[in-house]
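The file structure.txt comes next; it holds compact mmCIF, C-alpha atoms.
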```txt
# COMPACT_ATOMS: atom_id res chain seq x y z
CA MET C 1 -9.20 121.86 -157.46
CA ILE C 2 -9.86 118.80 -159.59
CA GLN C 3 -7.24 116.13 -159.12
CA ASN C 4 -5.30 113.95 -161.57
CA ILE C 5 -4.99 116.30 -164.53
CA GLU C 6 -1.88 115.67 -166.60
CA THR C 7 -0.16 118.78 -167.96
CA ARG C 8 1.39 118.70 -171.44
CA THR C 9 2.12 122.16 -172.82
CA ALA C 10 1.19 122.70 -176.46
CA PRO C 11 3.80 124.28 -178.79
CA SER C 12 4.03 128.04 -178.40
CA ASN C 13 2.68 128.72 -181.89
CA SER C 14 -0.51 126.79 -181.06
CA TRP C 15 -1.83 129.14 -178.38
CA THR C 16 -1.70 132.81 -177.41
CA PHE C 17 -0.45 134.24 -174.13
CA SER C 18 -2.91 136.54 -172.38
CA ASN C 19 -1.57 139.07 -169.87
CA SER C 20 -5.02 140.30 -168.85
CA ASN C 21 -8.03 138.75 -167.18
CA ARG C 22 -10.05 137.26 -170.01
CA VAL C 23 -13.83 137.44 -169.83
CA ILE C 24 -14.94 133.85 -170.37
CA ARG C 25 -18.37 133.72 -171.97
CA ALA C 26 -18.64 130.03 -172.85
CA ILE C 27 -17.15 126.56 -172.58
CA VAL C 28 -16.93 125.04 -176.05
CA LEU C 29 -16.93 121.27 -176.55
CA HIS C 30 -15.11 119.62 -179.46
CA THR C 31 -14.17 116.24 -180.78
CA ASN C 32 -10.97 115.57 -182.67
CA SER C 33 -12.67 112.86 -184.74
CA ASN C 34 -16.01 111.19 -185.28
CA ASP C 35 -14.12 108.09 -186.40
CA PRO C 36 -14.24 105.45 -183.61
CA ASN C 37 -11.11 103.82 -185.02
CA VAL C 38 -8.74 106.71 -184.36
CA GLY C 39 -6.17 105.78 -181.77
CA GLN C 40 -5.90 106.84 -178.15
CA ASN C 41 -4.10 110.18 -177.72
CA SER C 42 -5.02 111.14 -181.29
CA GLY C 43 -6.28 114.51 -180.08
CA LEU C 44 -3.21 115.08 -177.92
CA ASN C 45 -0.89 114.15 -180.77
CA THR C 46 -2.68 116.66 -183.00
CA VAL C 47 -2.18 119.43 -180.46
CA LEU C 48 1.48 118.59 -179.80
CA ASN C 49 2.32 118.80 -183.52
CA PRO C 50 3.30 122.46 -184.15
CA ALA C 51 2.46 122.11 -187.85
CA ASN C 52 -1.23 121.89 -186.97
CA ASN C 53 -1.38 125.20 -185.07
CA VAL C 54 -4.36 123.99 -183.08
CA SER C 55 -4.89 123.52 -179.36
CA TYR C 56 -7.49 122.92 -176.69
CA HIS C 57 -7.33 123.86 -173.03
CA TYR C 58 -8.25 120.31 -172.02
CA ILE C 59 -8.41 116.94 -173.78
CA ILE C 60 -10.46 114.08 -172.33
CA ARG C 61 -9.56 110.58 -173.46
CA ARG C 62 -12.11 107.82 -173.89
CA ASP C 63 -11.05 106.38 -170.51
CA GLY C 64 -11.69 109.72 -168.79
CA HIS C 65 -8.05 110.81 -168.46
CA ILE C 66 -7.69 114.60 -168.68
CA THR C 67 -4.72 116.43 -170.19
CA ASN C 68 -4.32 120.20 -169.83
CA THR C 69 -2.38 121.60 -172.81
CA VAL C 70 -3.12 125.33 -172.46
CA PRO C 71 -3.70 127.08 -169.09
CA PRO C 72 -7.31 128.34 -169.02
CA GLN C 73 -6.25 131.94 -168.45
CA HIS C 74 -4.57 131.90 -171.89
CA ILE C 75 -6.05 131.54 -175.39
CA ALA C 76 -6.28 128.20 -177.17
CA HIS C 77 -6.57 128.00 -180.96
CA ALA C 78 -9.71 125.91 -181.17
CA ALA C 79 -12.89 127.88 -181.80
CA GLY C 80 -11.39 130.78 -183.70
CA THR C 81 -13.34 133.03 -186.02
CA ARG C 82 -12.35 136.09 -187.97
CA THR C 83 -12.81 139.60 -186.64
CA ASP C 84 -14.07 141.23 -189.88
CA ARG C 85 -17.79 140.76 -189.08
CA GLY C 86 -17.82 137.81 -191.45
CA ASN C 87 -16.37 135.53 -188.78
CA MET C 88 -16.66 132.49 -191.03
CA ASP C 89 -20.32 131.63 -190.45
CA ALA C 90 -20.86 132.83 -186.87
CA ILE C 91 -23.61 135.00 -188.34
CA HIS C 92 -25.58 131.75 -188.70
CA SER C 93 -25.22 130.71 -185.05
CA PRO C 94 -28.53 129.77 -183.43
CA HIS C 95 -27.59 131.97 -180.43
CA GLU C 96 -28.11 135.71 -180.66
CA TRP C 97 -25.38 136.42 -178.10
CA ILE C 98 -22.85 134.61 -180.34
CA ARG C 99 -24.01 136.50 -183.40
CA ASN C 100 -23.52 139.73 -181.44
CA LEU C 101 -19.92 138.72 -180.70
CA ARG C 102 -19.03 138.04 -184.32
CA THR C 103 -16.60 140.99 -184.40
CA GLN C 104 -14.47 139.18 -181.79
CA ASN C 105 -12.36 136.10 -182.29
CA ALA C 106 -14.19 133.33 -180.43
CA ASN C 107 -10.90 132.01 -179.05
CA ASN C 108 -10.67 135.15 -176.92
CA TRP C 109 -13.82 134.42 -174.88
CA THR C 110 -13.93 130.63 -174.69
CA ILE C 111 -12.45 127.71 -172.81
CA ASN C 112 -12.19 124.71 -175.12
CA ILE C 113 -12.49 121.04 -174.20
CA CYS C 114 -11.87 118.22 -176.67
CA PHE C 115 -13.32 114.72 -176.37
CA GLU C 116 -11.11 112.13 -178.03
CA GLN C 117 -12.50 109.16 -179.98
CA MET C 118 -16.13 110.24 -179.78
CA PRO C 119 -18.11 108.64 -182.61
CA ARG C 120 -21.23 110.60 -183.59
CA GLY C 121 -20.90 112.73 -180.48
CA ASN C 122 -21.40 109.85 -178.05
CA PRO C 123 -18.95 110.21 -175.14
CA SER C 124 -18.13 107.35 -172.81
CA SER C 125 -19.45 107.44 -169.25
CA GLU C 126 -15.86 108.02 -168.11
CA GLN C 127 -15.58 111.06 -170.37
CA LEU C 128 -18.85 112.49 -169.06
CA ASN C 129 -17.81 111.96 -165.45
CA SER C 130 -14.47 113.68 -166.04
CA ALA C 131 -16.07 116.51 -168.03
CA SER C 132 -18.68 117.20 -165.35
CA GLU C 133 -16.01 117.33 -162.65
CA LEU C 134 -13.76 119.53 -164.78
CA ILE C 135 -16.51 121.97 -165.70
CA LYS C 136 -17.70 122.14 -162.10
CA TYR C 137 -14.16 123.20 -161.19
CA LEU C 138 -13.99 125.76 -164.04
CA ARG C 139 -17.30 127.26 -162.89
CA THR C 140 -15.67 128.03 -159.53
CA LEU C 141 -13.11 130.14 -161.42
CA TYR C 142 -15.33 131.76 -164.02
CA THR C 143 -18.98 132.83 -164.11
CA ILE C 144 -20.21 130.56 -166.89
CA PRO C 145 -23.94 129.76 -167.07
CA LEU C 146 -24.76 126.11 -167.71
CA GLU C 147 -26.59 127.04 -170.91
CA ARG C 148 -23.31 128.40 -172.24
CA ILE C 149 -21.74 124.98 -172.30
CA ILE C 150 -21.99 124.69 -176.06
CA GLY C 151 -20.53 122.87 -179.04
CA HIS C 152 -18.22 124.16 -181.75
CA ILE C 153 -21.24 123.80 -184.03
CA ASP C 154 -22.98 126.59 -182.08
CA ILE C 155 -20.27 129.04 -183.10
CA VAL C 156 -19.69 127.99 -186.72
CA PRO C 157 -22.60 125.71 -187.65
CA ARG C 158 -21.79 125.51 -191.37
CA HIS C 159 -18.08 124.83 -190.98
CA ARG C 160 -18.25 122.50 -187.95
CA PRO C 161 -21.64 120.75 -188.14
CA LEU C 162 -20.26 117.55 -186.58
CA CYS C 163 -18.29 119.04 -183.73
CA PRO C 164 -18.72 117.65 -181.13
CA GLY C 165 -21.33 115.49 -182.89
CA VAL C 166 -25.05 115.34 -183.47
CA GLY C 167 -25.60 112.90 -180.61
CA PHE C 168 -23.79 114.82 -177.89
CA PRO C 169 -25.82 114.72 -174.63
CA TYR C 170 -25.60 118.37 -173.58
CA GLU C 171 -28.49 118.24 -171.13
CA ARG C 172 -27.23 115.06 -169.49
CA LEU C 173 -23.85 116.71 -168.95
CA ARG C 174 -25.46 119.85 -167.52
CA ASN C 175 -27.53 117.74 -165.12
CA MET C 176 -24.41 115.89 -163.97
CA ILE C 177 -22.73 119.23 -163.27
CA ARG C 178 -25.78 120.41 -161.31
CA GLU C 179 -25.72 117.25 -159.21
CA ARG C 180 -22.01 117.63 -158.47
CA GLU C 181 -22.47 121.25 -157.48
CA GLU C 182 -25.35 120.34 -155.19
CA GLU C 183 -23.14 117.71 -153.58
CA MET C 184 -20.44 120.34 -153.16
CA SER C 185 -22.96 122.66 -151.49
CA GLU C 186 -24.03 119.88 -149.12
CA GLU C 187 -20.38 119.23 -148.28
CA ARG C 188 -19.92 122.92 -147.41
CA ILE C 189 -23.00 122.83 -145.20
CA ARG C 190 -21.64 119.78 -143.39
CA GLU C 191 -18.29 121.52 -142.97
CA LEU C 192 -20.04 124.55 -141.47
CA VAL C 193 -22.12 122.42 -139.09
CA ASN C 194 -19.03 120.47 -138.01
CA ARG C 195 -17.16 123.72 -137.41
CA ILE C 196 -19.98 125.01 -135.21
CA LEU C 197 -20.05 121.74 -133.27
CA ASP C 198 -16.27 121.85 -132.84
CA GLU C 199 -16.46 125.41 -131.52
CA ARG C 200 -19.25 124.43 -129.15
CA GLN C 201 -17.20 121.52 -127.84
CA ALA C 202 -14.21 123.82 -127.38
CA ASN C 203 -16.37 126.15 -125.29
CA ILE C 204 -17.57 123.22 -123.20
CA ASN C 205 -13.97 122.13 -122.66
CA THR C 206 -13.10 125.65 -121.56
CA LEU C 207 -15.86 125.58 -118.96
CA GLN C 208 -14.66 122.20 -117.76
CA VAL C 209 -11.19 123.63 -117.18
CA SER C 210 -12.68 126.14 -114.72
CA THR C 211 -14.42 123.39 -112.73
CA PRO C 212 -11.59 123.01 -110.14
CA HIS C 213 -11.91 126.73 -109.34
CA ALA C 214 -15.61 126.27 -108.77
CA ALA C 215 -14.87 123.36 -106.42
CA ASN C 216 -12.41 125.49 -104.40
CA TRP C 217 -15.02 128.24 -104.19
CA GLU C 218 -17.63 125.80 -102.91
CA GLN C 219 -15.19 124.30 -100.36
CA SER C 220 -14.17 127.70 -99.01
CA THR C 221 -17.78 128.83 -98.75
CA SER C 222 -18.76 125.66 -96.88
CA ARG C 223 -15.84 126.00 -94.45
CA GLY C 224 -16.65 129.63 -93.74
CA ILE C 225 -20.24 128.86 -92.88
CA MET C 226 -19.91 125.57 -90.96
CA ASP C 227 -16.76 125.99 -88.83
CA GLY C 228 -18.58 126.55 -85.50
CA THR C 229 -15.59 127.26 -83.26
CA ARG C 230 -15.85 130.95 -84.02
CA PRO C 231 -17.63 133.18 -86.51
CA GLN C 232 -16.09 133.03 -89.99
CA ALA C 233 -15.53 135.95 -92.31
CA THR C 234 -17.82 136.07 -95.29
CA VAL C 235 -16.19 134.44 -98.27
CA THR C 236 -16.22 136.75 -101.27
```

Could you write out this structure as structure tokens?
Amino acid sequence: MIQNIETRTAPSNSWTFSNSNRVIRAIVLHTNSNDPNVGQNSGLNTVLNPANNVSYHYIIRRDGHITNTVPPQHIAHAAGTRTDRGNMDAIHSPHEWIRNLRTQNANNWTINICFEQMPRGNPSSEQLNSASELIKYLRTLYTIPLERIIGHIDIVPRHRPLCPGVGFPYERLRNMIREREEEMSEERIRELVNRILDERQANINTLQVSTPHAANWEQSTSRGIMDGTRPQATVT
């Protein structure tokens, strides 16, 4: 599991408890503001204010610090759409699979990540590093294709055209996740090789333990053959 995630639970009216295994179809990226002058923790403060009735599963500060405000198995109030087939403007999504889901509230099938203080959709390198590590971890829990790491704009393009921002580097983030997952695979291979080598060494050690018995056998055999005072019984 990813380390160093702070947990701050959002007010109960800002998220919905789920007592069943949700089918996660996408990770949706947001920004709380395109204004570079908003203060640190502005996104967190928005979520912790019950009057706003909004939440994200994770918030990533400009310095890369991650705060978890809603457990991913539950429903955050971040990407919501109506369930009357109007669904705000989900009908205008560039993705057919989202248009086909317009009868469902998008909160029900998404995990939502907010980038704080992200002017024009340009995250800091620290935010990208944290996001790639976080999403790599989430992809070990849920089957989420890399191409379904999307922005809020992909769900409601007319209502949220600047979320997370026109300059957001989606492909760069996806490539970082790929690289981290390849590193993870290499680590698992090394672990497997080391385990095999350890087992092999254990087998060698076991054989070495039996060496004194082999020496006794050789000594007895030699004595039985070479004691010339009288014939010796065959050593078996």

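The nearest approach to Trp109 in chain C among the residues C:Leu162, C:Glu6, C:Asn21, C:Asn45, with all atoms listed in the file taken into account, belongs to C:Asn21.
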
Please identify every residue of range 106-145 of chain C that has at least one atom no farther than 8 Å from an atom of range 60-70 of chain C, counting all atoms listed in the file, and for each give the shortest atom pair and the distance in Å to one decimal, arranged by chain then increasing number, as a Markdown table.
```
| residue | atom | partner | partner_atom | distance |
| --- | --- | --- | --- | --- |
| C:Ile113 | CA | C:Ile60 | CA | 7.5 |
| C:Cys114 | CA | C:Ile60 | CA | 6.2 |
| C:Phe115 | CA | C:Ile60 | CA | 5.0 |
| C:Glu116 | CA | C:Arg61 | CA | 5.1 |
| C:Gln117 | CA | C:Arg62 | CA | 6.2 |
| C:Met118 | CA | C:Arg62 | CA | 7.5 |
| C:Pro123 | CA | C:Arg62 | CA | 7.4 |
| C:Ser124 | CA | C:Arg62 | CA | 6.1 |
| C:Glu126 | CA | C:Gly64 | CA | 4.6 |
| C:Gln127 | CA | C:Gly64 | CA | 4.4 |
| C:Leu128 | CA | C:Gly64 | CA | 7.7 |
| C:Asn129 | CA | C:Gly64 | CA | 7.3 |
| C:Ser130 | CA | C:Gly64 | CA | 5.6 |
| C:Ala131 | CA | C:Ile60 | CA | 7.5 |
```

Output C-alpha atoms for every residue in that selection, as a PDB file, in the frame of the given file.
```pdb
ATOM      1  CA  ILE C 113     -12.490 121.040-174.200  1.00  0.00           C
ATOM      2  CA  CYS C 114     -11.870 118.220-176.670  1.00  0.00           C
ATOM      3  CA  PHE C 115     -13.320 114.720-176.370  1.00  0.00           C
ATOM      4  CA  GLU C 116     -11.110 112.130-178.030  1.00  0.00           C
ATOM      5  CA  GLN C 117     -12.500 109.160-179.980  1.00  0.00           C
ATOM      6  CA  MET C 118     -16.130 110.240-179.780  1.00  0.00           C
ATOM      7  CA  PRO C 123     -18.950 110.210-175.140  1.00  0.00           C
ATOM      8  CA  SER C 124     -18.130 107.350-172.810  1.00  0.00           C
ATOM      9  CA  GLU C 126     -15.860 108.020-168.110  1.00  0.00           C
ATOM     10  CA  GLN C 127     -15.580 111.060-170.370  1.00  0.00           C
ATOM     11  CA  LEU C 128     -18.850 112.490-169.060  1.00  0.00           C
ATOM     12  CA  ASN C 129     -17.810 111.960-165.450  1.00  0.00           C
ATOM     13  CA  SER C 130     -14.470 113.680-166.040  1.00  0.00           C
ATOM     14  CA  ALA C 131     -16.070 116.510-168.030  1.00  0.00           C
TER      15      ALA C 131
END
```

Please identify all polymer residues lying at most 9 Å from the point (-3.6, 131.5, -185.8) (file coordinates), using all atoms listed in the file, and present the result as a PDB file with C-alpha atoms, in the coordinates of the input.
```pdb
ATOM      1  CA  ASN C  13       2.680 128.720-181.890  1.00  0.00           C
ATOM      2  CA  SER C  14      -0.510 126.790-181.060  1.00  0.00           C
ATOM      3  CA  TRP C  15      -1.830 129.140-178.380  1.00  0.00           C
ATOM      4  CA  THR C  16      -1.700 132.810-177.410  1.00  0.00           C
ATOM      5  CA  ASN C  53      -1.380 125.200-185.070  1.00  0.00           C
ATOM      6  CA  VAL C  54      -4.360 123.990-183.080  1.00  0.00           C
ATOM      7  CA  HIS C  77      -6.570 128.000-180.960  1.00  0.00           C
ATOM      8  CA  GLY C  80     -11.390 130.780-183.700  1.00  0.00           C
TER       9      GLY C  80
END
```

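Atom pair CA of His152 in chain C / CA of Ala78 in chain C has a distance of 8.7 Å (rounded to one decimal).
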
*What does the distance between CA of Leu134 in chain C and CA of Arg160 in chain C come to in Å, to one decimal place?*
23.8 Å

*Figure out the distance between CA of Ile59 in chain C and CA of Ser18 in chain C, please, to one decimal in Å.*
20.4 Å

_Let me make sure I understand: among C:Glu183, C:Asp154, C:Glu96, C:Glu191, which one has the smallest atom-to-atom distance to Lys136 in chain C if we use only C-alpha atoms?_
C:Glu183

*asked:* I need the residue nearest Tyr142 in chain C from this list: C:Phe17, C:Pro72, C:His92, C:Arg172. Use only C-alpha atoms for the distance.
replied: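 That would be C:Pro72, the residue with the smallest distance to Tyr142 in chain C.
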
Within 12 Å of Trp97 in chain C using all atoms listed in the file, minus same-chain residues under 3 positions, as a PDB file with C-alpha atoms, keeping the file's coordinate frame:
```pdb
ATOM      1  CA  ARG C  25     -18.370 133.720-171.970  1.00  0.00           C
ATOM      2  CA  ALA C  26     -18.640 130.030-172.850  1.00  0.00           C
ATOM      3  CA  ALA C  90     -20.860 132.830-186.870  1.00  0.00           C
ATOM      4  CA  ILE C  91     -23.610 135.000-188.340  1.00  0.00           C
ATOM      5  CA  HIS C  92     -25.580 131.750-188.700  1.00  0.00           C
ATOM      6  CA  SER C  93     -25.220 130.710-185.050  1.00  0.00           C
ATOM      7  CA  PRO C  94     -28.530 129.770-183.430  1.00  0.00           C
ATOM      8  CA  ASN C 100     -23.520 139.730-181.440  1.00  0.00           C
ATOM      9  CA  LEU C 101     -19.920 138.720-180.700  1.00  0.00           C
ATOM     10  CA  ARG C 102     -19.030 138.040-184.320  1.00  0.00           C
ATOM     11  CA  THR C 103     -16.600 140.990-184.400  1.00  0.00           C
ATOM     12  CA  GLN C 104     -14.470 139.180-181.790  1.00  0.00           C
ATOM     13  CA  ALA C 106     -14.190 133.330-180.430  1.00  0.00           C
ATOM     14  CA  GLU C 147     -26.590 127.040-170.910  1.00  0.00           C
ATOM     15  CA  ARG C 148     -23.310 128.400-172.240  1.00  0.00           C
ATOM     16  CA  ASP C 154     -22.980 126.590-182.080  1.00  0.00           C
ATOM     17  CA  ILE C 155     -20.270 129.040-183.100  1.00  0.00           C
TER      18      ILE C 155
END
```

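Residue nearest Pro169 in chain C within the list C:Val23, C:Leu29, C:Ala202, C:Ala79: C:Leu29 [criterion: smallest interatomic distance, only C-alpha atoms].
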
Give me the residues near Ile111 in chain C as a PDB file with C-alpha atoms, in the frame of the given file, where near means some atom within 8 Å (using only C-alpha atoms) and where sequence neighbours in that chain fewer than 6 positions away do not count.
```
ATOM      1  CA  ILE C  24     -14.940 133.850-170.370  1.00  0.00           C
ATOM      2  CA  ALA C  26     -18.640 130.030-172.850  1.00  0.00           C
ATOM      3  CA  ILE C  27     -17.150 126.560-172.580  1.00  0.00           C
ATOM      4  CA  VAL C  28     -16.930 125.040-176.050  1.00  0.00           C
ATOM      5  CA  TYR C  56      -7.490 122.920-176.690  1.00  0.00           C
ATOM      6  CA  HIS C  57      -7.330 123.860-173.030  1.00  0.00           C
ATOM      7  CA  PRO C  72      -7.310 128.340-169.020  1.00  0.00           C
ATOM      8  CA  ILE C  75      -6.050 131.540-175.390  1.00  0.00           C
ATOM      9  CA  ALA C  76      -6.280 128.200-177.170  1.00  0.00           C
TER      10      ALA C  76
END
```

_Spatial neighbours of range 46-48 of chain C, 7 Å, all atoms listed in the file, chain gap at least 5 places, as a list in words_ =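 Neighbouring residues, sequence-local ones excluded: Ala10, Pro11, Val54 and Ser55 of chain C.
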
Quick one: write out the picked residues with C-alpha atoms as a PDB file, in the frame of the given file?
```pdb
ATOM      1  CA  ALA C  10       1.190 122.700-176.460  1.00  0.00           C
ATOM      2  CA  PRO C  11       3.800 124.280-178.790  1.00  0.00           C
ATOM      3  CA  VAL C  54      -4.360 123.990-183.080  1.00  0.00           C
ATOM      4  CA  SER C  55      -4.890 123.520-179.360  1.00  0.00           C
TER       5      SER C  55
END
```
